[in-house]
Amino acid sequence: MSPRQPLLMDCDTGVDDALALLYLLRTPGVDLRAVTTVAGNTDAAQAARNALQVLELDGRTDIPVAQGADTTLRGDIPEYATHVHGDNGLGNVRLPEPTAPIAAPDAADLIIATAREAAGELAIVATAPLTNLALALEREPELPAMVRTLTVMGGAVHHPGNITPVAEANIGNDPEAAHRVLAAGWRDLTIVPLDVTMRERLTEELRQELLADGSPVARFAGEILDLYFAFHAKVAFPARGSACHDPLAAAIAAGEVTPLLAPELHVTVETGDGPARGALIADTRGIHLGYPPHPDANARVVLETDGTFPARLVERLCRRDGAR
Ligand code: RIB
Ligand code: CA
């Protein structure tokens, strides 16, 4: 049997981050070693508390959760997405108070320590603004060489942005951090942008399957999607349902979704104060205009997946999957 993939998730524990966490816990090939949180959907403390509650719902009090940055690198407080994820980040669904405390090191230190401990094998999945990773890089410039893979849910390549016409939330809420992290020279960097996460759709039928399952994890997943679906109804979703951002990135990080199209591209982030602030700029001229491959390609950018992941996610969270 091949050893399980050690993995750290850096998140801003909203609805889709919570689903991604539960998915990772239920994925037999993954050893979730640590969770770190940052301001984004909520503040970093609420995100840490949410992560602890979600882990505990699935019986895990052994995974350290560290709280990270509450402001962006330049000191701004992000506009929390309470209209998408509810006042508590978890669709206003209440879970019992966590019994486990927030871990002692801050997020950046826990990222570094977890990478060291995994001796070059750690996979990181980042589903939030990249502030914690930028701070970790400041403290440990060798981090990119110490990490096996980094998968980032963020950006919009051919798709419009979701917080401005061109900026996606995770990149746009801290463009300076994203710029530094993407340029840091990772061994294997994958970007999972809105182009694919908006097309992998959770449906009301799938939500009903979760609610009907009867297990606490599946029921919770179904309940938190209620408010999330209500938000998506206001923004371009014709039928009741939602995008599947963070779980898709988690599945790609875990090697459970193989993209249909994922070219190696050069990516960077606009950090100016104009209307393009926070845009992910991916050089797609190679795929559209036949340009030769970019000599400084720094990421694999996922541009197509087959749309079947949400059903597999739901199966994994339901009791009948047999994983638990
Ligand atoms: O743009 C989608 C991303 O922003 C997701 O990670 C969501 O949880 C929010 O953080
Ligand atoms: Ca997120």
# chains A, B, ... in the order shown; residues from 1 in each chain; ligands from 1
call {"tool": "residues_near_ligand", "arguments": {"ligand": "ligand 1", "cutoff": "10 Å", "atoms": "only C-alpha atoms and all ligand atoms", "output": "NGL selection string"}}
result
:A and (11-20 or 38-42 or 80-81 or 84-85 or 89 or 126-129 or 152-156 or 161-163 or 167-173 or 193-194 or 197-198 or 243-247 or 249)
call {"tool": "residues_around", "arguments": {"residues": "Pro216 of chain A", "least_positions_apart": "5", "cutoff": "12 Å", "atoms": "only C-alpha atoms", "output": "compact mmCIF listing (two decimals) with N, CA, C and O atoms, in the first residue's frame"}}
result
# COMPACT_ATOMS: atom_id res chain seq x y z
N LEU A 22 -14.02 18.30 5.07
CA LEU A 22 -14.68 17.01 5.31
C LEU A 22 -14.31 16.01 4.23
O LEU A 22 -14.08 14.84 4.50
N VAL A 54 -15.65 21.78 12.52
CA VAL A 54 -15.89 20.87 11.40
C VAL A 54 -15.09 19.58 11.58
O VAL A 54 -15.59 18.47 11.39
N GLU A 56 -14.10 18.36 14.37
CA GLU A 56 -14.67 17.65 15.51
C GLU A 56 -15.97 16.93 15.15
O GLU A 56 -16.26 15.85 15.67
N LEU A 57 -16.73 17.54 14.24
CA LEU A 57 -17.96 16.90 13.78
C LEU A 57 -17.66 15.52 13.20
O LEU A 57 -18.46 14.59 13.29
N ASP A 58 -16.49 15.39 12.59
CA ASP A 58 -16.11 14.09 12.03
C ASP A 58 -15.19 13.31 12.97
O ASP A 58 -14.46 12.41 12.55
N GLY A 59 -15.20 13.73 14.24
CA GLY A 59 -14.50 12.96 15.26
C GLY A 59 -13.01 13.21 15.34
O GLY A 59 -12.27 12.42 15.92
N LEU A 95 -22.69 24.68 15.18
CA LEU A 95 -22.12 23.40 15.66
C LEU A 95 -21.73 23.59 17.12
O LEU A 95 -21.52 24.72 17.56
N LEU A 210 -27.69 14.52 0.55
CA LEU A 210 -26.95 14.75 1.80
C LEU A 210 -27.91 14.77 2.98
O LEU A 210 -27.68 14.13 4.01
N LEU A 211 -29.01 15.51 2.82
CA LEU A 211 -29.96 15.64 3.93
C LEU A 211 -30.61 14.30 4.25
O LEU A 211 -30.87 13.98 5.41
N ALA A 221 -23.48 19.08 5.92
CA ALA A 221 -23.10 19.54 4.57
C ALA A 221 -24.34 20.02 3.82
O ALA A 221 -24.32 21.07 3.16
N GLY A 222 -25.42 19.27 3.92
CA GLY A 222 -26.65 19.67 3.25
C GLY A 222 -27.20 20.96 3.81
O GLY A 222 -27.66 21.85 3.08
N GLU A 223 -27.12 21.11 5.12
CA GLU A 223 -27.68 22.31 5.76
C GLU A 223 -26.88 23.58 5.40
O GLU A 223 -27.44 24.62 5.13
N LEU A 317 -19.22 12.12 1.31
CA LEU A 317 -19.68 12.67 2.58
C LEU A 317 -20.84 11.86 3.18
O LEU A 317 -21.15 12.01 4.36
N CYS A 318 -21.45 11.03 2.35
CA CYS A 318 -22.57 10.23 2.85
C CYS A 318 -22.07 8.95 3.51
O CYS A 318 -21.04 8.41 3.14
N ARG A 319 -22.84 8.50 4.45
CA ARG A 319 -22.47 7.32 5.24
C ARG A 319 -22.30 6.08 4.37
O ARG A 319 -21.45 5.25 4.60
N ARG A 324 -16.42 5.76 6.54
CA ARG A 324 -16.49 5.90 8.01
C ARG A 324 -17.50 4.94 8.59
O ARG A 324 -18.58 4.80 8.03
call {"tool": "residues_around", "arguments": {"residues": "Leu280 of chain A", "least_positions_apart": "6", "cutoff": "7 Å", "atoms": "only C-alpha atoms", "output": "list in words"}}
result
Gly155, Ala156, Val157, Val267, Thr268, Val269 and Glu270 of chain A
call {"tool": "atom_distance", "arguments": {"atom1": "atom CA of Phe220 of chain A", "atom2": "atom CA of Ile252 of chain A"}}
result
23.4 Å
call {"tool": "residues_around", "arguments": {"residues": "Ala297 of chain A", "least_positions_apart": "6", "cutoff": "6 Å", "atoms": "only C-alpha atoms", "output": "VMD selection string"}}
result
chain A and resid 264 to 266
call {"tool": "residues_around", "arguments": {"residues": "Arg4 of chain A", "least_positions_apart": "4", "cutoff": "8 Å", "atoms": "only C-alpha atoms", "output": "mmCIF file with N, CA and C atoms, in the first residue's frame"}}
result
data_model
loop_
_atom_site.group_PDB
_atom_site.id
_atom_site.type_symbol
_atom_site.label_atom_id
_atom_site.label_comp_id
_atom_site.auth_asym_id
_atom_site.auth_seq_id
_atom_site.Cartn_x
_atom_site.Cartn_y
_atom_site.Cartn_z
ATOM 1 N N PRO A 28 -9.287 8.335 1.745
ATOM 2 C CA PRO A 28 -8.355 7.372 2.342
ATOM 3 C C PRO A 28 -6.889 7.635 1.997
ATOM 4 N N GLY A 29 -6.610 8.199 0.837
ATOM 5 C CA GLY A 29 -5.210 8.408 0.446
ATOM 6 C C GLY A 29 -4.575 9.652 1.045
ATOM 7 N N VAL A 30 -5.356 10.390 1.858
ATOM 8 C CA VAL A 30 -4.851 11.664 2.398
ATOM 9 C C VAL A 30 -4.668 11.580 3.907
ATOM 10 N N ASP A 31 -3.559 12.133 4.359
ATOM 11 C CA ASP A 31 -3.295 12.256 5.796
ATOM 12 C C ASP A 31 -3.304 13.761 6.104
#
call {"tool": "atom_distance", "arguments": {"atom1": "atom CA of Leu90 of chain A", "atom2": "atom CA of Asp306 of chain A"}}
result
27.6 Å
call {"tool": "closest_residue", "arguments": {"among": "A:Leu32, A:Ala113, A:Val196, A:Ala254", "to": "Thr149 of chain A", "atoms": "only C-alpha atoms"}}
result
A:Ala254
call {"tool": "closest_residue", "arguments": {"among": "A:Ala45, A:Leu150, A:Leu135, A:Leu122", "to": "Pro101 of chain A", "atoms": "only C-alpha atoms"}}
result
A:Ala45
call {"tool": "closest_residue", "arguments": {"among": "A:Leu248, A:Ala107, A:Ile124, A:Ala177", "to": "Glu304 of chain A", "atoms": "only C-alpha atoms"}}
result
A:Leu248
call {"tool": "select_by_dssp", "arguments": {"residues": "segment 135-285 of chain A", "states": "alpha helix (DSSP H)", "output": "PyMOL selection string"}}
result
chain A and resi 135-139+143-146+169-172+175-182+194-197+204-213+216-234+245-253+285
call {"tool": "write_last_selection", "arguments": {"atoms": "C-alpha atoms", "output": "PDB file, in the first residue's frame"}}
result
ATOM      1  CA  LEU A 135       4.331  35.268   5.603  1.00  0.00           C
ATOM      2  CA  ALA A 136       5.684  31.724   5.747  1.00  0.00           C
ATOM      3  CA  LEU A 137       7.877  32.478   2.723  1.00  0.00           C
ATOM      4  CA  GLU A 138       9.213  35.579   4.465  1.00  0.00           C
ATOM      5  CA  ARG A 139      10.211  33.464   7.484  1.00  0.00           C
ATOM      6  CA  LEU A 143       9.698  26.702   1.715  1.00  0.00           C
ATOM      7  CA  PRO A 144       8.977  26.125  -2.028  1.00  0.00           C
ATOM      8  CA  ALA A 145      11.725  23.511  -2.175  1.00  0.00           C
ATOM      9  CA  MET A 146      10.422  21.862   1.002  1.00  0.00           C
ATOM     10  CA  ALA A 169     -11.759  36.555  -4.046  1.00  0.00           C
ATOM     11  CA  ASN A 170      -8.753  34.502  -2.934  1.00  0.00           C
ATOM     12  CA  ILE A 171      -6.326  36.320  -5.221  1.00  0.00           C
ATOM     13  CA  GLY A 172      -8.107  39.689  -5.136  1.00  0.00           C
ATOM     14  CA  PRO A 175      -2.958  40.625  -4.415  1.00  0.00           C
ATOM     15  CA  GLU A 176       0.485  41.385  -2.945  1.00  0.00           C
ATOM     16  CA  ALA A 177       0.516  38.041  -1.130  1.00  0.00           C
ATOM     17  CA  ALA A 178      -0.697  36.183  -4.217  1.00  0.00           C
ATOM     18  CA  HIS A 179       1.922  37.886  -6.373  1.00  0.00           C
ATOM     19  CA  ARG A 180       4.727  36.809  -4.037  1.00  0.00           C
ATOM     20  CA  VAL A 181       3.475  33.284  -3.548  1.00  0.00           C
ATOM     21  CA  LEU A 182       2.954  32.553  -7.242  1.00  0.00           C
ATOM     22  CA  LEU A 194     -13.177  29.983 -11.437  1.00  0.00           C
ATOM     23  CA  ASP A 195     -13.065  28.689 -15.028  1.00  0.00           C
ATOM     24  CA  VAL A 196     -13.463  25.168 -13.645  1.00  0.00           C
ATOM     25  CA  THR A 197     -14.891  25.637 -10.151  1.00  0.00           C
ATOM     26  CA  GLU A 204     -30.433  20.692  -5.131  1.00  0.00           C
ATOM     27  CA  GLU A 205     -30.776  16.989  -5.913  1.00  0.00           C
ATOM     28  CA  LEU A 206     -27.309  16.343  -4.459  1.00  0.00           C
ATOM     29  CA  ARG A 207     -28.139  18.501  -1.432  1.00  0.00           C
ATOM     30  CA  GLN A 208     -31.261  16.414  -0.832  1.00  0.00           C
ATOM     31  CA  GLU A 209     -29.109  13.270  -0.932  1.00  0.00           C
ATOM     32  CA  LEU A 210     -26.946  14.752   1.799  1.00  0.00           C
ATOM     33  CA  LEU A 211     -29.959  15.637   3.926  1.00  0.00           C
ATOM     34  CA  ALA A 212     -31.523  12.208   3.419  1.00  0.00           C
ATOM     35  CA  ASP A 213     -28.354  10.345   4.413  1.00  0.00           C
ATOM     36  CA  PRO A 216     -24.270  14.151  11.111  1.00  0.00           C
ATOM     37  CA  VAL A 217     -21.571  15.021   8.538  1.00  0.00           C
ATOM     38  CA  ALA A 218     -23.836  14.648   5.512  1.00  0.00           C
ATOM     39  CA  ARG A 219     -26.692  16.476   7.220  1.00  0.00           C
ATOM     40  CA  PHE A 220     -24.402  19.362   8.167  1.00  0.00           C
ATOM     41  CA  ALA A 221     -23.098  19.536   4.572  1.00  0.00           C
ATOM     42  CA  GLY A 222     -26.651  19.671   3.245  1.00  0.00           C
ATOM     43  CA  GLU A 223     -27.682  22.314   5.761  1.00  0.00           C
ATOM     44  CA  ILE A 224     -24.762  24.700   5.121  1.00  0.00           C
ATOM     45  CA  LEU A 225     -25.466  24.566   1.394  1.00  0.00           C
ATOM     46  CA  ASP A 226     -28.933  26.067   1.869  1.00  0.00           C
ATOM     47  CA  LEU A 227     -27.736  29.665   2.303  1.00  0.00           C
ATOM     48  CA  TYR A 228     -24.901  29.126  -0.176  1.00  0.00           C
ATOM     49  CA  PHE A 229     -27.418  28.068  -2.835  1.00  0.00           C
ATOM     50  CA  ALA A 230     -29.555  31.117  -2.015  1.00  0.00           C
ATOM     51  CA  PHE A 231     -26.559  33.351  -2.753  1.00  0.00           C
ATOM     52  CA  HIS A 232     -25.828  31.544  -6.024  1.00  0.00           C
ATOM     53  CA  ALA A 233     -29.454  31.995  -7.102  1.00  0.00           C
ATOM     54  CA  LYS A 234     -28.734  35.740  -7.175  1.00  0.00           C
ATOM     55  CA  HIS A 245     -14.646  25.868  -5.551  1.00  0.00           C
ATOM     56  CA  ASP A 246     -12.598  24.588  -2.625  1.00  0.00           C
ATOM     57  CA  PRO A 247     -13.601  20.899  -2.714  1.00  0.00           C
ATOM     58  CA  LEU A 248     -12.499  20.708  -6.350  1.00  0.00           C
ATOM     59  CA  ALA A 249      -9.088  22.169  -5.462  1.00  0.00           C
ATOM     60  CA  ALA A 250      -8.819  19.689  -2.570  1.00  0.00           C
ATOM     61  CA  ALA A 251      -9.627  16.776  -4.898  1.00  0.00           C
ATOM     62  CA  ILE A 252      -7.036  17.927  -7.421  1.00  0.00           C
ATOM     63  CA  ALA A 253      -4.471  18.262  -4.622  1.00  0.00           C
ATOM     64  CA  ARG A 285      -1.058  32.904 -25.844  1.00  0.00           C
TER      65      ARG A 285
END
call {"tool": "atom_distance", "arguments": {"atom1": "atom CA of Glu200 of chain A", "atom2": "atom CA of Val166 of chain A"}}
result
20.1 Å
call {"tool": "residues_around", "arguments": {"residues": "Arg116 of chain A", "least_positions_apart": "2", "cutoff": "12 Å", "atoms": "only C-alpha atoms", "output": "VMD selection string"}}
result
chain A and resid 6 109 to 114 118 to 123 140 142 to 148
call {"tool": "write_last_selection", "arguments": {"atoms": "N, CA, C and O atoms", "output": "mmCIF file, in the first residue's frame"}}
result
data_model
loop_
_atom_site.group_PDB
_atom_site.id
_atom_site.type_symbol
_atom_site.label_atom_id
_atom_site.label_comp_id
_atom_site.auth_asym_id
_atom_site.auth_seq_id
_atom_site.Cartn_x
_atom_site.Cartn_y
_atom_site.Cartn_z
ATOM 1 N N PRO A 6 0.670 13.286 2.924
ATOM 2 C CA PRO A 6 0.511 14.288 3.983
ATOM 3 C C PRO A 6 0.067 15.613 3.365
ATOM 4 O O PRO A 6 0.598 16.040 2.339
ATOM 5 N N ASP A 109 3.997 29.736 11.005
ATOM 6 C CA ASP A 109 4.940 28.816 11.667
ATOM 7 C C ASP A 109 4.479 27.362 11.547
ATOM 8 O O ASP A 109 5.304 26.465 11.392
ATOM 9 N N LEU A 110 3.157 27.164 11.623
ATOM 10 C CA LEU A 110 2.684 25.772 11.501
ATOM 11 C C LEU A 110 2.904 25.250 10.077
ATOM 12 O O LEU A 110 3.229 24.079 9.877
ATOM 13 N N ILE A 111 2.756 26.123 9.092
ATOM 14 C CA ILE A 111 3.017 25.701 7.700
ATOM 15 C C ILE A 111 4.480 25.254 7.585
ATOM 16 O O ILE A 111 4.785 24.179 7.053
ATOM 17 N N ILE A 112 5.378 26.047 8.119
ATOM 18 C CA ILE A 112 6.813 25.723 8.017
ATOM 19 C C ILE A 112 7.123 24.424 8.775
ATOM 20 O O ILE A 112 7.797 23.526 8.251
ATOM 21 N N ALA A 113 6.596 24.324 9.986
ATOM 22 C CA ALA A 113 6.885 23.132 10.807
ATOM 23 C C ALA A 113 6.327 21.871 10.151
ATOM 24 O O ALA A 113 6.981 20.821 10.134
ATOM 25 N N THR A 114 5.128 21.979 9.578
ATOM 26 C CA THR A 114 4.509 20.795 8.955
ATOM 27 C C THR A 114 5.297 20.380 7.714
ATOM 28 O O THR A 114 5.486 19.195 7.448
ATOM 29 N N ALA A 118 7.281 16.780 7.216
ATOM 30 C CA ALA A 118 6.930 15.853 6.122
ATOM 31 C C ALA A 118 8.108 15.623 5.185
ATOM 32 O O ALA A 118 7.984 14.869 4.208
ATOM 33 N N ALA A 119 9.223 16.246 5.462
ATOM 34 C CA ALA A 119 10.492 15.983 4.740
ATOM 35 C C ALA A 119 10.335 15.957 3.214
ATOM 36 O O ALA A 119 10.684 14.979 2.557
ATOM 37 N N GLY A 120 9.779 17.035 2.670
ATOM 38 C CA GLY A 120 9.705 17.160 1.207
ATOM 39 C C GLY A 120 8.464 16.537 0.596
ATOM 40 O O GLY A 120 8.261 16.615 -0.614
ATOM 41 N N GLU A 121 7.595 15.941 1.404
ATOM 42 C CA GLU A 121 6.433 15.209 0.859
ATOM 43 C C GLU A 121 5.111 15.957 1.020
ATOM 44 O O GLU A 121 4.068 15.483 0.572
ATOM 45 N N LEU A 122 5.136 17.109 1.684
ATOM 46 C CA LEU A 122 3.858 17.770 2.007
ATOM 47 C C LEU A 122 3.171 18.353 0.767
ATOM 48 O O LEU A 122 3.804 18.992 -0.070
ATOM 49 N N ALA A 123 1.865 18.118 0.692
ATOM 50 C CA ALA A 123 1.024 18.822 -0.285
ATOM 51 C C ALA A 123 0.279 19.905 0.483
ATOM 52 O O ALA A 123 -0.244 19.654 1.572
ATOM 53 N N GLU A 140 10.681 31.622 5.958
ATOM 54 C CA GLU A 140 11.455 30.457 5.472
ATOM 55 C C GLU A 140 11.517 30.504 3.937
ATOM 56 O O GLU A 140 10.692 29.894 3.245
ATOM 57 N N GLU A 142 13.183 28.977 1.916
ATOM 58 C CA GLU A 142 13.361 27.659 1.260
ATOM 59 C C GLU A 142 12.056 26.868 1.173
ATOM 60 O O GLU A 142 12.052 25.737 0.669
ATOM 61 N N LEU A 143 10.959 27.452 1.664
ATOM 62 C CA LEU A 143 9.698 26.702 1.715
ATOM 63 C C LEU A 143 9.318 26.049 0.370
ATOM 64 O O LEU A 143 8.931 24.876 0.355
ATOM 65 N N PRO A 144 9.407 26.759 -0.763
ATOM 66 C CA PRO A 144 8.977 26.125 -2.028
ATOM 67 C C PRO A 144 9.717 24.830 -2.328
ATOM 68 O O PRO A 144 9.133 23.900 -2.884
ATOM 69 N N ALA A 145 10.967 24.748 -1.927
ATOM 70 C CA ALA A 145 11.725 23.511 -2.175
ATOM 71 C C ALA A 145 11.357 22.419 -1.178
ATOM 72 O O ALA A 145 11.602 21.238 -1.415
ATOM 73 N N MET A 146 10.751 22.832 -0.050
ATOM 74 C CA MET A 146 10.422 21.862 1.002
ATOM 75 C C MET A 146 9.046 21.217 0.806
ATOM 76 O O MET A 146 8.671 20.311 1.538
ATOM 77 N N VAL A 147 8.269 21.752 -0.148
ATOM 78 C CA VAL A 147 6.874 21.321 -0.313
ATOM 79 C C VAL A 147 6.745 20.564 -1.636
ATOM 80 O O VAL A 147 7.247 21.013 -2.664
ATOM 81 N N ARG A 148 6.054 19.430 -1.605
ATOM 82 C CA ARG A 148 5.933 18.626 -2.827
ATOM 83 C C ARG A 148 5.031 19.309 -3.861
ATOM 84 O O ARG A 148 5.394 19.455 -5.020
#
call {"tool": "closest_residue", "arguments": {"among": "A:Glu117, A:Thr99, A:Gly214, A:Asp174", "to": "Gly272 of chain A", "atoms": "only C-alpha atoms"}}
result
A:Asp174
call {"tool": "select_by_dssp", "arguments": {"residues": "segment 115-205 of chain A", "states": "strand (DSSP E)", "output": "list in words"}}
result
Leu122, Ala123, Ile124, Val125, Ala126, Thr127, Val147, Arg148, Thr149, Leu150, Thr151, Val152, Met153, Leu189, Thr190, Ile191, Val192, Leu202 and Thr203 of chain A
call {"tool": "write_last_selection", "arguments": {"atoms": "N, CA and C atoms", "output": "JSON list (two decimals), in the first residue's frame"}}
result
[["chain", "number", "residue", "atom", "x", "y", "z"],
["A", 122, "LEU", "N", 5.14, 17.11, 1.68],
["A", 122, "LEU", "CA", 3.86, 17.77, 2.01],
["A", 122, "LEU", "C", 3.17, 18.35, 0.77],
["A", 123, "ALA", "N", 1.86, 18.12, 0.69],
["A", 123, "ALA", "CA", 1.02, 18.82, -0.29],
["A", 123, "ALA", "C", 0.28, 19.91, 0.48],
["A", 124, "ILE", "N", 0.26, 21.12, -0.08],
["A", 124, "ILE", "CA", -0.53, 22.19, 0.54],
["A", 124, "ILE", "C", -1.67, 22.54, -0.41],
["A", 125, "VAL", "N", -2.87, 22.67, 0.15],
["A", 125, "VAL", "CA", -3.96, 23.21, -0.65],
["A", 125, "VAL", "C", -4.41, 24.51, 0.01],
["A", 126, "ALA", "N", -4.40, 25.58, -0.77],
["A", 126, "ALA", "CA", -4.76, 26.91, -0.25],
["A", 126, "ALA", "C", -6.08, 27.31, -0.87],
["A", 127, "THR", "N", -7.07, 27.54, -0.02],
["A", 127, "THR", "CA", -8.41, 27.87, -0.52],
["A", 127, "THR", "C", -8.86, 29.22, 0.04],
["A", 147, "VAL", "N", 8.27, 21.75, -0.15],
["A", 147, "VAL", "CA", 6.87, 21.32, -0.31],
["A", 147, "VAL", "C", 6.75, 20.56, -1.64],
["A", 148, "ARG", "N", 6.05, 19.43, -1.61],
["A", 148, "ARG", "CA", 5.93, 18.63, -2.83],
["A", 148, "ARG", "C", 5.03, 19.31, -3.86],
["A", 149, "THR", "N", 3.81, 19.67, -3.42],
["A", 149, "THR", "CA", 2.90, 20.35, -4.35],
["A", 149, "THR", "C", 2.16, 21.46, -3.61],
["A", 150, "LEU", "N", 1.87, 22.53, -4.35],
["A", 150, "LEU", "CA", 0.98, 23.58, -3.83],
["A", 150, "LEU", "C", -0.16, 23.72, -4.82],
["A", 151, "THR", "N", -1.39, 23.59, -4.32],
["A", 151, "THR", "CA", -2.58, 23.76, -5.16],
["A", 151, "THR", "C", -3.35, 24.96, -4.62],
["A", 152, "VAL", "N", -3.62, 25.91, -5.48],
["A", 152, "VAL", "CA", -4.30, 27.14, -5.05],
["A", 152, "VAL", "C", -5.65, 27.23, -5.75],
["A", 153, "MET", "N", -6.74, 27.33, -4.96],
["A", 153, "MET", "CA", -8.02, 27.68, -5.57],
["A", 153, "MET", "C", -8.02, 29.20, -5.69],
["A", 189, "LEU", "N", 3.27, 23.73, -8.83],
["A", 189, "LEU", "CA", 2.19, 24.65, -8.46],
["A", 189, "LEU", "C", 1.01, 24.46, -9.42],
["A", 190, "THR", "N", -0.18, 24.26, -8.86],
["A", 190, "THR", "CA", -1.40, 24.11, -9.67],
["A", 190, "THR", "C", -2.39, 25.18, -9.25],
["A", 191, "ILE", "N", -2.94, 25.87, -10.24],
["A", 191, "ILE", "CA", -3.98, 26.87, -9.97],
["A", 191, "ILE", "C", -5.32, 26.31, -10.43],
["A", 192, "VAL", "N", -6.31, 26.44, -9.55],
["A", 192, "VAL", "CA", -7.66, 25.96, -9.87],
["A", 192, "VAL", "C", -8.59, 27.18, -9.89],
["A", 202, "LEU", "N", -22.80, 21.85, -7.70],
["A", 202, "LEU", "CA", -23.60, 21.15, -6.70],
["A", 202, "LEU", "C", -25.05, 21.50, -6.97],
["A", 203, "THR", "N", -25.92, 20.50, -6.97],
["A", 203, "THR", "CA", -27.33, 20.73, -7.31],
["A", 203, "THR", "C", -28.23, 20.49, -6.09]]
call {"tool": "closest_residue", "arguments": {"among": "A:Leu130, A:Ala100, A:Pro160, A:Asn298", "to": "ligand 2", "atoms": "only C-alpha atoms and all ligand atoms"}}
result
A:Leu130
call {"tool": "residues_around", "arguments": {"residues": "Gly68 of chain A", "least_positions_apart": "5", "cutoff": "7 Å", "atoms": "only C-alpha atoms", "output": "list in words"}}
result
Thr36, Thr37, Val38, Ala44, Asp106, Ala107, Ala108 and Asn132 of chain A
call {"tool": "write_last_selection", "arguments": {"atoms": "all heavy atoms", "output": "JSON list (two decimals), in the first residue's frame"}}
result
[["chain", "number", "residue", "atom", "x", "y", "z"],
["A", 36, "THR", "N", -4.62, 25.61, 8.62],
["A", 36, "THR", "CA", -4.28, 26.98, 9.01],
["A", 36, "THR", "C", -5.35, 27.91, 8.45],
["A", 36, "THR", "O", -5.93, 27.63, 7.39],
["A", 36, "THR", "CB", -2.88, 27.37, 8.48],
["A", 36, "THR", "OG1", -2.81, 27.08, 7.07],
["A", 36, "THR", "CG2", -1.79, 26.59, 9.20],
["A", 37, "THR", "N", -5.60, 29.01, 9.17],
["A", 37, "THR", "CA", -6.70, 29.86, 8.73],
["A", 37, "THR", "C", -6.26, 31.31, 8.58],
["A", 37, "THR", "O", -5.29, 31.77, 9.20],
["A", 37, "THR", "CB", -7.89, 29.82, 9.72],
["A", 37, "THR", "OG1", -7.50, 30.42, 10.96],
["A", 37, "THR", "CG2", -8.36, 28.40, 9.95],
["A", 38, "VAL", "N", -7.00, 32.02, 7.75],
["A", 38, "VAL", "CA", -6.67, 33.39, 7.38],
["A", 38, "VAL", "C", -7.99, 34.15, 7.19],
["A", 38, "VAL", "O", -9.03, 33.54, 6.97],
["A", 38, "VAL", "CB", -5.83, 33.36, 6.07],
["A", 38, "VAL", "CG1", -6.62, 32.84, 4.88],
["A", 38, "VAL", "CG2", -5.20, 34.70, 5.75],
["A", 44, "ALA", "N", -9.90, 35.57, 10.84],
["A", 44, "ALA", "CA", -9.08, 34.36, 10.98],
["A", 44, "ALA", "C", -9.46, 33.55, 12.22],
["A", 44, "ALA", "O", -9.37, 32.31, 12.22],
["A", 44, "ALA", "CB", -7.61, 34.73, 11.01],
["A", 106, "ASP", "N", 1.52, 30.28, 15.22],
["A", 106, "ASP", "CA", 0.59, 30.92, 14.28],
["A", 106, "ASP", "C", 0.65, 30.14, 12.96],
["A", 106, "ASP", "O", 1.44, 29.20, 12.79],
["A", 106, "ASP", "CB", 0.89, 32.41, 14.11],
["A", 106, "ASP", "CG", 2.12, 32.69, 13.26],
["A", 106, "ASP", "OD1", 2.80, 31.73, 12.85],
["A", 106, "ASP", "OD2", 2.39, 33.87, 13.00],
["A", 107, "ALA", "N", -0.23, 30.54, 12.03],
["A", 107, "ALA", "CA", -0.39, 29.75, 10.81],
["A", 107, "ALA", "C", 0.92, 29.62, 10.04],
["A", 107, "ALA", "O", 1.29, 28.52, 9.60],
["A", 107, "ALA", "CB", -1.46, 30.39, 9.93],
["A", 108, "ALA", "N", 1.64, 30.72, 9.87],
["A", 108, "ALA", "CA", 2.87, 30.66, 9.06],
["A", 108, "ALA", "C", 3.87, 29.69, 9.69],
["A", 108, "ALA", "O", 4.50, 28.90, 8.98],
["A", 108, "ALA", "CB", 3.47, 32.06, 8.92],
["A", 132, "ASN", "N", -1.06, 33.93, 4.56],
["A", 132, "ASN", "CA", -0.27, 33.04, 5.45],
["A", 132, "ASN", "C", 0.93, 32.46, 4.72],
["A", 132, "ASN", "O", 2.03, 32.36, 5.29],
["A", 132, "ASN", "CB", -1.13, 31.88, 5.96],
["A", 132, "ASN", "CG", -2.17, 32.30, 6.98],
["A", 132, "ASN", "OD1", -2.02, 33.36, 7.61],
["A", 132, "ASN", "ND2", -3.20, 31.51, 7.14]]
